[in-house]
Structure formats: structure tokens, C-alpha cells
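What follows is a short report on a single structure.
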Amino acid sequence: MMLVKILKGAGMVLGSLVLLLGIAYAVIARNITERVEKTYDFARESFPIPTDSLSMERGKHVALIKGCIECHGENMAGKVMIDEPPMGRLVATNLTRGKGGLPDDYAAEDWIRALRHGVGRNGRPLIFMPSHETTLLSQEDMAALIAYCRQLPPVDQAWAPIKLGPVVQVFSYLDKMPLLSVEKIDHHRALLTQADTSGGIAQGKYLAVSCSGCHQPNFKGGDGAAPGSPPVPDLTRSGHVGKWTQPQFIHTLRTGHTPEGRILKNEDMPWKMTAQYQEKELVALYKYFQSLP
């Protein structure tokens, strides 16, 4: 008889816990849905988009070192990033003008709105688009990137829509995943006209924006950027990476092989992206990180 009472009590506790978890998830899912469906209205902005070959080359370089090609693919026709039931389906958009890609009337202003503010033509937030990083590009680099993307050969590739799974919703609600960049951007911040290219600390600071998403704005690292990913190292002088020499730092970012003999997985540390940096840019990054206590 006592055993029956214990089992009944345990069942009631478990049932209550399941109910509370269900209510909590319903609240989270509704919150995420409302934020994803929110409409923003930013003032239209435009600036000249170059057409010369040097700007196109610069735009391609920016696409490489800012992770655009890492996510959207070599031909920029998009790709499936994740497709697992707990996580959902996360897809990088086809940025070409082929079927399933951008419409023919997708204007420079639309590109600027996406890169500067993290919203699409309809005013809805772009999902998992790192606009909180691209908004910090100089006007010159942003214009070059747009110029490069606008001349991409069309690729016919349509993707199923993004679907956010429960893990992504919960982690985004807890601000552990950068779901909506539009919420993280200072939309009144003026664009930097031209980036420093001297190869010193100032250029390193500009380039390091791409590292801040995982390594945190203070570059002290912390928990993994995604569920199940390894801890993110401290890049400053107080961290282990900060003890590396400049050649060791550059070799690691070029090859994915650390001075200790570890082989970094590209999905954890995108060394295939950092391998595209110019030597001067990697030196500038090293100098900047070494300037941080």
C-alpha cells in the first residue's frame, strides 16, 4: 500500500514537472515567433556601388574573410547548415539571381538593409545572418562586397524554408545563439568610410569583429558557440592563445594545426576562412589581440 502511494506521488510530481516544462516551452516558442515575425522600418539608405575589377576583387576577399562563402557556399547559392529535428532546419540563402535566389529587382538598397540592419525587403528579421558583424564593415568594404555579390553567375537552387527546432528556440531565448542580429545592432551608428589597412592594431581591431561572435566582444572566450561545441579560447595576452608567437598564431589560422599538435575542426574554428586572410591582415590581428590584457 505504501509503495502504491509513493508511486502515485512520484507520478504526480513527474506529471507536474512535464506540465511546467510544456508551459515554459510554449511561452518560449511564442516569444521567438513574435520576434521572428516582427516588422521593422528603417530609413532607406544608398551609396555608390563600384563596378571596377579591383573593387570586385576586394569584394570577393571580404566575402571570404567574413564567412559569407563559408555559409553560403563557394558559388554563393546557399546550403543547408543544419537539418536535425531537435535543432530544426537552418539554411543559408541563395544569393545569386538564379531560380530560388534573389529576384531580378533586388536593389543595392536591399543589400544595404540586410547588411546594415539585419532585415529583409519585407522588414522581417533575417535569421542567423550575422548582420551585427557586417554592419561594422566600412562603407568601402560593404560597397565592394555588394558589387561582388551582384555579379555572381546565377545558380538555380531553391531551398526549403528555415524551421526552428526546440533546441534553437530555447538557446535563442536564453541569448546563447545569435538568432536575430537586428536586435543586437546600433541602427543609428554611422558607417565608417574606409577601414585602416596599415597592418597595425587599428586594422586588427576592424578585422577582429568576425572573431567576436564566438570569442565574445572582449575576446576572452567562454562556452561553446553552439550546443555540444567545445569551449572557446581566450585570445588575449591572459589566455593560452595569447602566449603563442606571431608565426605560431599565423600558422594555426592558415592550417588549423596548433603549436601543441592539435588539429582544429573547421566547424569549431573556421580556419579555412582565416586561411584566406592576407599575411598583413593576420599580423594585424595578432598585434591587436596582443594589445588586449
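Following the order of the C-alpha cells, chains are lettered A, B, ..., residues in each are numbered from 1, and ligands are numbered from 1.
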
Counting only C-alpha atoms, which residues of segment 129-211 of chain A fall within 12 Å of segment 68-77 of chain A, and what is the closest atom pair for each with its distance in Å at one decimal, ordered by chain and rising number, as CSV?
residue,atom,partner,partner_atom,distance
A:Met129,CA,A:Cys71,CA,9.6
A:Pro130,CA,A:Cys68,CA,9.5
A:Ser131,CA,A:Cys68,CA,11.1
A:Glu133,CA,A:Cys68,CA,11.4
A:Thr134,CA,A:Cys68,CA,10.0
A:Leu145,CA,A:Cys68,CA,9.7
A:Ile146,CA,A:Cys68,CA,11.6
A:Tyr148,CA,A:Met76,CA,10.8
A:Cys149,CA,A:Met76,CA,8.2
A:Arg150,CA,A:Met76,CA,10.9
A:Gln151,CA,A:Met76,CA,11.2
A:Leu152,CA,A:Asn75,CA,7.8
A:Pro153,CA,A:Asn75,CA,8.1
A:Pro154,CA,A:Ala77,CA,8.2
A:Val155,CA,A:Ala77,CA,6.2
A:Asp156,CA,A:Ala77,CA,7.9
A:Gln157,CA,A:Ala77,CA,6.5
A:Ala158,CA,A:Ala77,CA,8.7
A:Trp159,CA,A:Ala77,CA,9.6
A:Ser210,CA,A:Cys68,CA,11.0

Only all heavy atoms, please: the residues just picked out, written as a short mmCIF file (atom, residue, chain, number, x, y, z; two decimals), in the first residue's frame.
data_model
loop_
_atom_site.label_atom_id
_atom_site.label_comp_id
_atom_site.auth_asym_id
_atom_site.auth_seq_id
_atom_site.Cartn_x
_atom_site.Cartn_y
_atom_site.Cartn_z
N MET A 129 21.65 35.50 -39.73
CA MET A 129 22.51 36.29 -40.61
C MET A 129 23.33 37.23 -39.72
O MET A 129 22.75 38.03 -38.98
CB MET A 129 21.64 37.09 -41.59
CG MET A 129 22.35 38.23 -42.27
SD MET A 129 23.71 37.69 -43.34
CE MET A 129 24.44 39.27 -43.76
N PRO A 130 24.66 37.13 -39.72
CA PRO A 130 25.48 37.92 -38.79
C PRO A 130 25.59 39.40 -39.16
O PRO A 130 26.69 39.94 -39.32
CB PRO A 130 26.84 37.21 -38.85
CG PRO A 130 26.90 36.67 -40.24
CD PRO A 130 25.48 36.24 -40.56
N SER A 131 24.45 40.05 -39.30
CA SER A 131 24.45 41.47 -39.65
C SER A 131 25.02 42.33 -38.54
O SER A 131 25.44 43.47 -38.79
CB SER A 131 23.03 41.93 -39.99
OG SER A 131 22.50 41.18 -41.06
N GLU A 133 27.71 41.86 -37.35
CA GLU A 133 29.12 41.97 -37.74
C GLU A 133 29.26 42.76 -39.04
O GLU A 133 30.12 43.65 -39.14
CB GLU A 133 29.73 40.58 -37.90
CG GLU A 133 29.79 39.79 -36.59
CD GLU A 133 30.40 38.40 -36.78
OE1 GLU A 133 30.91 38.12 -37.88
OE2 GLU A 133 30.38 37.62 -35.82
N THR A 134 28.43 42.45 -40.04
CA THR A 134 28.57 43.15 -41.33
C THR A 134 28.20 44.63 -41.22
O THR A 134 28.66 45.44 -42.01
CB THR A 134 27.71 42.48 -42.42
OG1 THR A 134 26.33 42.43 -42.00
CG2 THR A 134 28.19 41.06 -42.70
N LEU A 145 31.67 44.43 -51.35
CA LEU A 145 31.01 43.15 -51.15
C LEU A 145 29.72 43.07 -51.95
O LEU A 145 29.44 42.05 -52.61
CB LEU A 145 30.72 42.95 -49.66
CG LEU A 145 29.94 41.69 -49.27
CD1 LEU A 145 30.70 40.43 -49.69
CD2 LEU A 145 29.66 41.66 -47.76
N ILE A 146 28.94 44.14 -51.92
CA ILE A 146 27.69 44.17 -52.70
C ILE A 146 27.99 44.06 -54.18
O ILE A 146 27.33 43.33 -54.92
CB ILE A 146 26.90 45.45 -52.39
CG1 ILE A 146 26.42 45.45 -50.94
CG2 ILE A 146 25.72 45.61 -53.34
CD1 ILE A 146 25.84 46.77 -50.47
N TYR A 148 30.52 42.64 -55.64
CA TYR A 148 30.91 41.27 -55.95
C TYR A 148 29.69 40.35 -56.01
O TYR A 148 29.53 39.56 -56.95
CB TYR A 148 31.91 40.75 -54.91
CG TYR A 148 32.17 39.27 -55.01
CD1 TYR A 148 32.89 38.75 -56.09
CD2 TYR A 148 31.69 38.38 -54.04
CE1 TYR A 148 33.11 37.39 -56.20
CE2 TYR A 148 31.92 37.03 -54.15
CZ TYR A 148 32.63 36.53 -55.23
OH TYR A 148 32.84 35.18 -55.34
N CYS A 149 28.82 40.46 -55.02
CA CYS A 149 27.64 39.57 -54.96
C CYS A 149 26.68 39.82 -56.11
O CYS A 149 26.07 38.87 -56.63
CB CYS A 149 26.91 39.77 -53.63
SG CYS A 149 27.79 39.14 -52.18
N ARG A 150 26.56 41.05 -56.56
CA ARG A 150 25.61 41.37 -57.62
C ARG A 150 26.02 40.82 -58.98
O ARG A 150 25.18 40.67 -59.87
CB ARG A 150 25.42 42.89 -57.72
CG ARG A 150 24.72 43.49 -56.50
CD ARG A 150 24.56 44.99 -56.62
NE ARG A 150 23.50 45.35 -57.53
CZ ARG A 150 23.20 46.61 -57.87
NH1 ARG A 150 23.94 47.60 -57.40
NH2 ARG A 150 22.21 46.88 -58.69
N GLN A 151 27.32 40.51 -59.13
CA GLN A 151 27.76 40.00 -60.44
C GLN A 151 27.94 38.48 -60.43
O GLN A 151 28.45 37.91 -61.40
CB GLN A 151 29.05 40.70 -60.87
CG GLN A 151 30.21 40.62 -59.88
CD GLN A 151 31.00 39.32 -59.97
OE1 GLN A 151 31.44 38.95 -61.06
NE2 GLN A 151 31.15 38.65 -58.84
N LEU A 152 27.51 37.82 -59.37
CA LEU A 152 27.65 36.36 -59.29
C LEU A 152 26.85 35.68 -60.40
O LEU A 152 25.73 36.09 -60.69
CB LEU A 152 27.15 35.86 -57.94
CG LEU A 152 27.99 36.22 -56.70
CD1 LEU A 152 27.20 35.90 -55.43
CD2 LEU A 152 29.31 35.45 -56.71
N PRO A 153 27.41 34.64 -61.01
CA PRO A 153 26.64 33.89 -62.01
C PRO A 153 25.39 33.29 -61.37
O PRO A 153 25.45 32.80 -60.23
CB PRO A 153 27.61 32.79 -62.45
CG PRO A 153 28.97 33.30 -62.08
CD PRO A 153 28.77 34.12 -60.84
N PRO A 154 24.25 33.34 -62.04
CA PRO A 154 23.02 32.78 -61.47
C PRO A 154 23.10 31.26 -61.31
O PRO A 154 23.62 30.56 -62.19
CB PRO A 154 21.93 33.17 -62.47
CG PRO A 154 22.67 33.40 -63.76
CD PRO A 154 24.02 33.93 -63.37
N VAL A 155 22.62 30.77 -60.20
CA VAL A 155 22.57 29.34 -59.93
C VAL A 155 21.15 28.99 -59.54
O VAL A 155 20.57 29.61 -58.64
CB VAL A 155 23.53 28.94 -58.78
CG1 VAL A 155 23.42 27.44 -58.50
CG2 VAL A 155 24.96 29.33 -59.09
N ASP A 156 20.57 28.03 -60.22
CA ASP A 156 19.20 27.60 -59.89
C ASP A 156 19.26 26.65 -58.70
O ASP A 156 19.67 25.50 -58.83
CB ASP A 156 18.56 26.90 -61.10
CG ASP A 156 18.35 27.84 -62.28
OD1 ASP A 156 18.30 29.07 -62.04
OD2 ASP A 156 18.24 27.36 -63.42
N GLN A 157 18.86 27.14 -57.55
CA GLN A 157 18.87 26.32 -56.34
C GLN A 157 17.85 26.88 -55.34
O GLN A 157 18.05 27.93 -54.76
CB GLN A 157 20.26 26.31 -55.70
CG GLN A 157 20.36 25.50 -54.43
CD GLN A 157 20.10 24.02 -54.66
OE1 GLN A 157 20.90 23.33 -55.26
NE2 GLN A 157 18.96 23.53 -54.17
N ALA A 158 16.77 26.15 -55.20
CA ALA A 158 15.76 26.54 -54.22
C ALA A 158 15.91 25.67 -52.98
O ALA A 158 16.22 24.48 -53.08
CB ALA A 158 14.36 26.37 -54.83
N TRP A 159 15.69 26.27 -51.83
CA TRP A 159 15.82 25.56 -50.57
C TRP A 159 14.50 25.57 -49.81
O TRP A 159 13.72 26.51 -49.93
CB TRP A 159 16.90 26.21 -49.69
CG TRP A 159 18.25 26.26 -50.29
CD1 TRP A 159 18.86 27.32 -50.87
CD2 TRP A 159 19.18 25.16 -50.40
NE1 TRP A 159 20.11 26.98 -51.33
CE2 TRP A 159 20.34 25.66 -51.05
CE3 TRP A 159 19.15 23.82 -50.01
CZ2 TRP A 159 21.44 24.87 -51.32
CZ3 TRP A 159 20.27 23.03 -50.26
CH2 TRP A 159 21.39 23.55 -50.91
N SER A 210 34.92 39.78 -36.79
CA SER A 210 34.50 38.44 -37.22
C SER A 210 34.79 37.38 -36.17
O SER A 210 34.22 36.29 -36.22
CB SER A 210 35.19 38.06 -38.53
OG SER A 210 34.84 38.96 -39.56
#

As a ChimeraX atom specification, please: the residues near Lys66 of chain A (cut-off 12 Å, only C-alpha atoms, same-chain neighbours under 4 positions excluded).
/A:58-62,70-72,115,129-137,141-142,145,206-213,270-277

Set the distance at 12 Å and use only C-alpha atoms: which residues neighbour Tyr173 of chain A once local chain neighbours fewer than 3 positions away are removed? I'd like the list as a ChimeraX atom specification.
/A:24-36,164,166-170,176-180

Write the residues of the preceding selection, restricted to N, CA and C atoms, as a PDB file, in the first residue's frame.
ATOM      1  N   ALA A  24       6.442  26.294 -20.077  1.00  0.00           N
ATOM      2  CA  ALA A  24       7.628  27.133 -20.293  1.00  0.00           C
ATOM      3  C   ALA A  24       8.022  27.140 -21.765  1.00  0.00           C
ATOM      4  N   TYR A  25       8.003  25.967 -22.402  1.00  0.00           N
ATOM      5  CA  TYR A  25       8.374  25.903 -23.815  1.00  0.00           C
ATOM      6  C   TYR A  25       7.362  26.649 -24.680  1.00  0.00           C
ATOM      7  N   ALA A  26       6.077  26.560 -24.332  1.00  0.00           N
ATOM      8  CA  ALA A  26       5.052  27.283 -25.091  1.00  0.00           C
ATOM      9  C   ALA A  26       5.290  28.788 -25.022  1.00  0.00           C
ATOM     10  N   VAL A  27       5.678  29.268 -23.848  1.00  0.00           N
ATOM     11  CA  VAL A  27       5.977  30.695 -23.682  1.00  0.00           C
ATOM     12  C   VAL A  27       7.184  31.086 -24.532  1.00  0.00           C
ATOM     13  N   ILE A  28       8.227  30.222 -24.504  1.00  0.00           N
ATOM     14  CA  ILE A  28       9.439  30.493 -25.280  1.00  0.00           C
ATOM     15  C   ILE A  28       9.135  30.494 -26.774  1.00  0.00           C
ATOM     16  N   ALA A  29       8.392  29.490 -27.231  1.00  0.00           N
ATOM     17  CA  ALA A  29       8.082  29.381 -28.659  1.00  0.00           C
ATOM     18  C   ALA A  29       7.275  30.585 -29.141  1.00  0.00           C
ATOM     19  N   ARG A  30       6.334  31.039 -28.320  1.00  0.00           N
ATOM     20  CA  ARG A  30       5.539  32.208 -28.700  1.00  0.00           C
ATOM     21  C   ARG A  30       6.412  33.454 -28.765  1.00  0.00           C
ATOM     22  N   ASN A  31       7.311  33.605 -27.806  1.00  0.00           N
ATOM     23  CA  ASN A  31       8.212  34.749 -27.792  1.00  0.00           C
ATOM     24  C   ASN A  31       9.076  34.790 -29.042  1.00  0.00           C
ATOM     25  N   ILE A  32       9.650  33.641 -29.402  1.00  0.00           N
ATOM     26  CA  ILE A  32      10.509  33.565 -30.584  1.00  0.00           C
ATOM     27  C   ILE A  32       9.710  33.861 -31.849  1.00  0.00           C
ATOM     28  N   THR A  33       8.511  33.310 -31.938  1.00  0.00           N
ATOM     29  CA  THR A  33       7.663  33.538 -33.114  1.00  0.00           C
ATOM     30  C   THR A  33       7.343  35.015 -33.277  1.00  0.00           C
ATOM     31  N   GLU A  34       6.996  35.667 -32.186  1.00  0.00           N
ATOM     32  CA  GLU A  34       6.673  37.097 -32.247  1.00  0.00           C
ATOM     33  C   GLU A  34       7.882  37.911 -32.687  1.00  0.00           C
ATOM     34  N   ARG A  35       9.066  37.547 -32.212  1.00  0.00           N
ATOM     35  CA  ARG A  35      10.276  38.288 -32.580  1.00  0.00           C
ATOM     36  C   ARG A  35      10.654  38.045 -34.036  1.00  0.00           C
ATOM     37  N   VAL A  36      10.491  36.819 -34.499  1.00  0.00           N
ATOM     38  CA  VAL A  36      10.815  36.481 -35.886  1.00  0.00           C
ATOM     39  C   VAL A  36       9.855  37.169 -36.853  1.00  0.00           C
ATOM     40  N   LEU A 164      12.752  26.438 -37.160  1.00  0.00           N
ATOM     41  CA  LEU A 164      13.467  26.484 -35.886  1.00  0.00           C
ATOM     42  C   LEU A 164      12.991  25.368 -34.964  1.00  0.00           C
ATOM     43  N   PRO A 166      13.167  23.042 -31.298  1.00  0.00           N
ATOM     44  CA  PRO A 166      13.082  23.432 -29.883  1.00  0.00           C
ATOM     45  C   PRO A 166      14.420  23.821 -29.265  1.00  0.00           C
ATOM     46  N   VAL A 167      15.501  23.141 -29.641  1.00  0.00           N
ATOM     47  CA  VAL A 167      16.813  23.478 -29.067  1.00  0.00           C
ATOM     48  C   VAL A 167      17.223  24.890 -29.474  1.00  0.00           C
ATOM     49  N   VAL A 168      17.063  25.221 -30.746  1.00  0.00           N
ATOM     50  CA  VAL A 168      17.411  26.556 -31.235  1.00  0.00           C
ATOM     51  C   VAL A 168      16.536  27.613 -30.579  1.00  0.00           C
ATOM     52  N   GLN A 169      15.253  27.320 -30.425  1.00  0.00           N
ATOM     53  CA  GLN A 169      14.351  28.291 -29.814  1.00  0.00           C
ATOM     54  C   GLN A 169      14.742  28.573 -28.366  1.00  0.00           C
ATOM     55  N   VAL A 170      15.016  27.515 -27.612  1.00  0.00           N
ATOM     56  CA  VAL A 170      15.363  27.686 -26.205  1.00  0.00           C
ATOM     57  C   VAL A 170      16.694  28.420 -26.063  1.00  0.00           C
ATOM     58  N   LYS A 176      21.837  32.491 -26.094  1.00  0.00           N
ATOM     59  CA  LYS A 176      23.032  31.671 -26.283  1.00  0.00           C
ATOM     60  C   LYS A 176      23.319  31.435 -27.761  1.00  0.00           C
ATOM     61  N   MET A 177      22.404  31.871 -28.628  1.00  0.00           N
ATOM     62  CA  MET A 177      22.606  31.743 -30.068  1.00  0.00           C
ATOM     63  C   MET A 177      22.170  33.054 -30.719  1.00  0.00           C
ATOM     64  N   PRO A 178      22.925  33.539 -31.723  1.00  0.00           N
ATOM     65  CA  PRO A 178      22.614  34.831 -32.366  1.00  0.00           C
ATOM     66  C   PRO A 178      21.518  34.700 -33.419  1.00  0.00           C
ATOM     67  N   LEU A 179      20.287  34.486 -32.971  1.00  0.00           N
ATOM     68  CA  LEU A 179      19.182  34.233 -33.893  1.00  0.00           C
ATOM     69  C   LEU A 179      18.842  35.455 -34.744  1.00  0.00           C
ATOM     70  N   LEU A 180      18.685  36.610 -34.108  1.00  0.00           N
ATOM     71  CA  LEU A 180      18.206  37.807 -34.793  1.00  0.00           C
ATOM     72  C   LEU A 180      19.196  38.959 -34.588  1.00  0.00           C
TER      73      LEU A 180
END
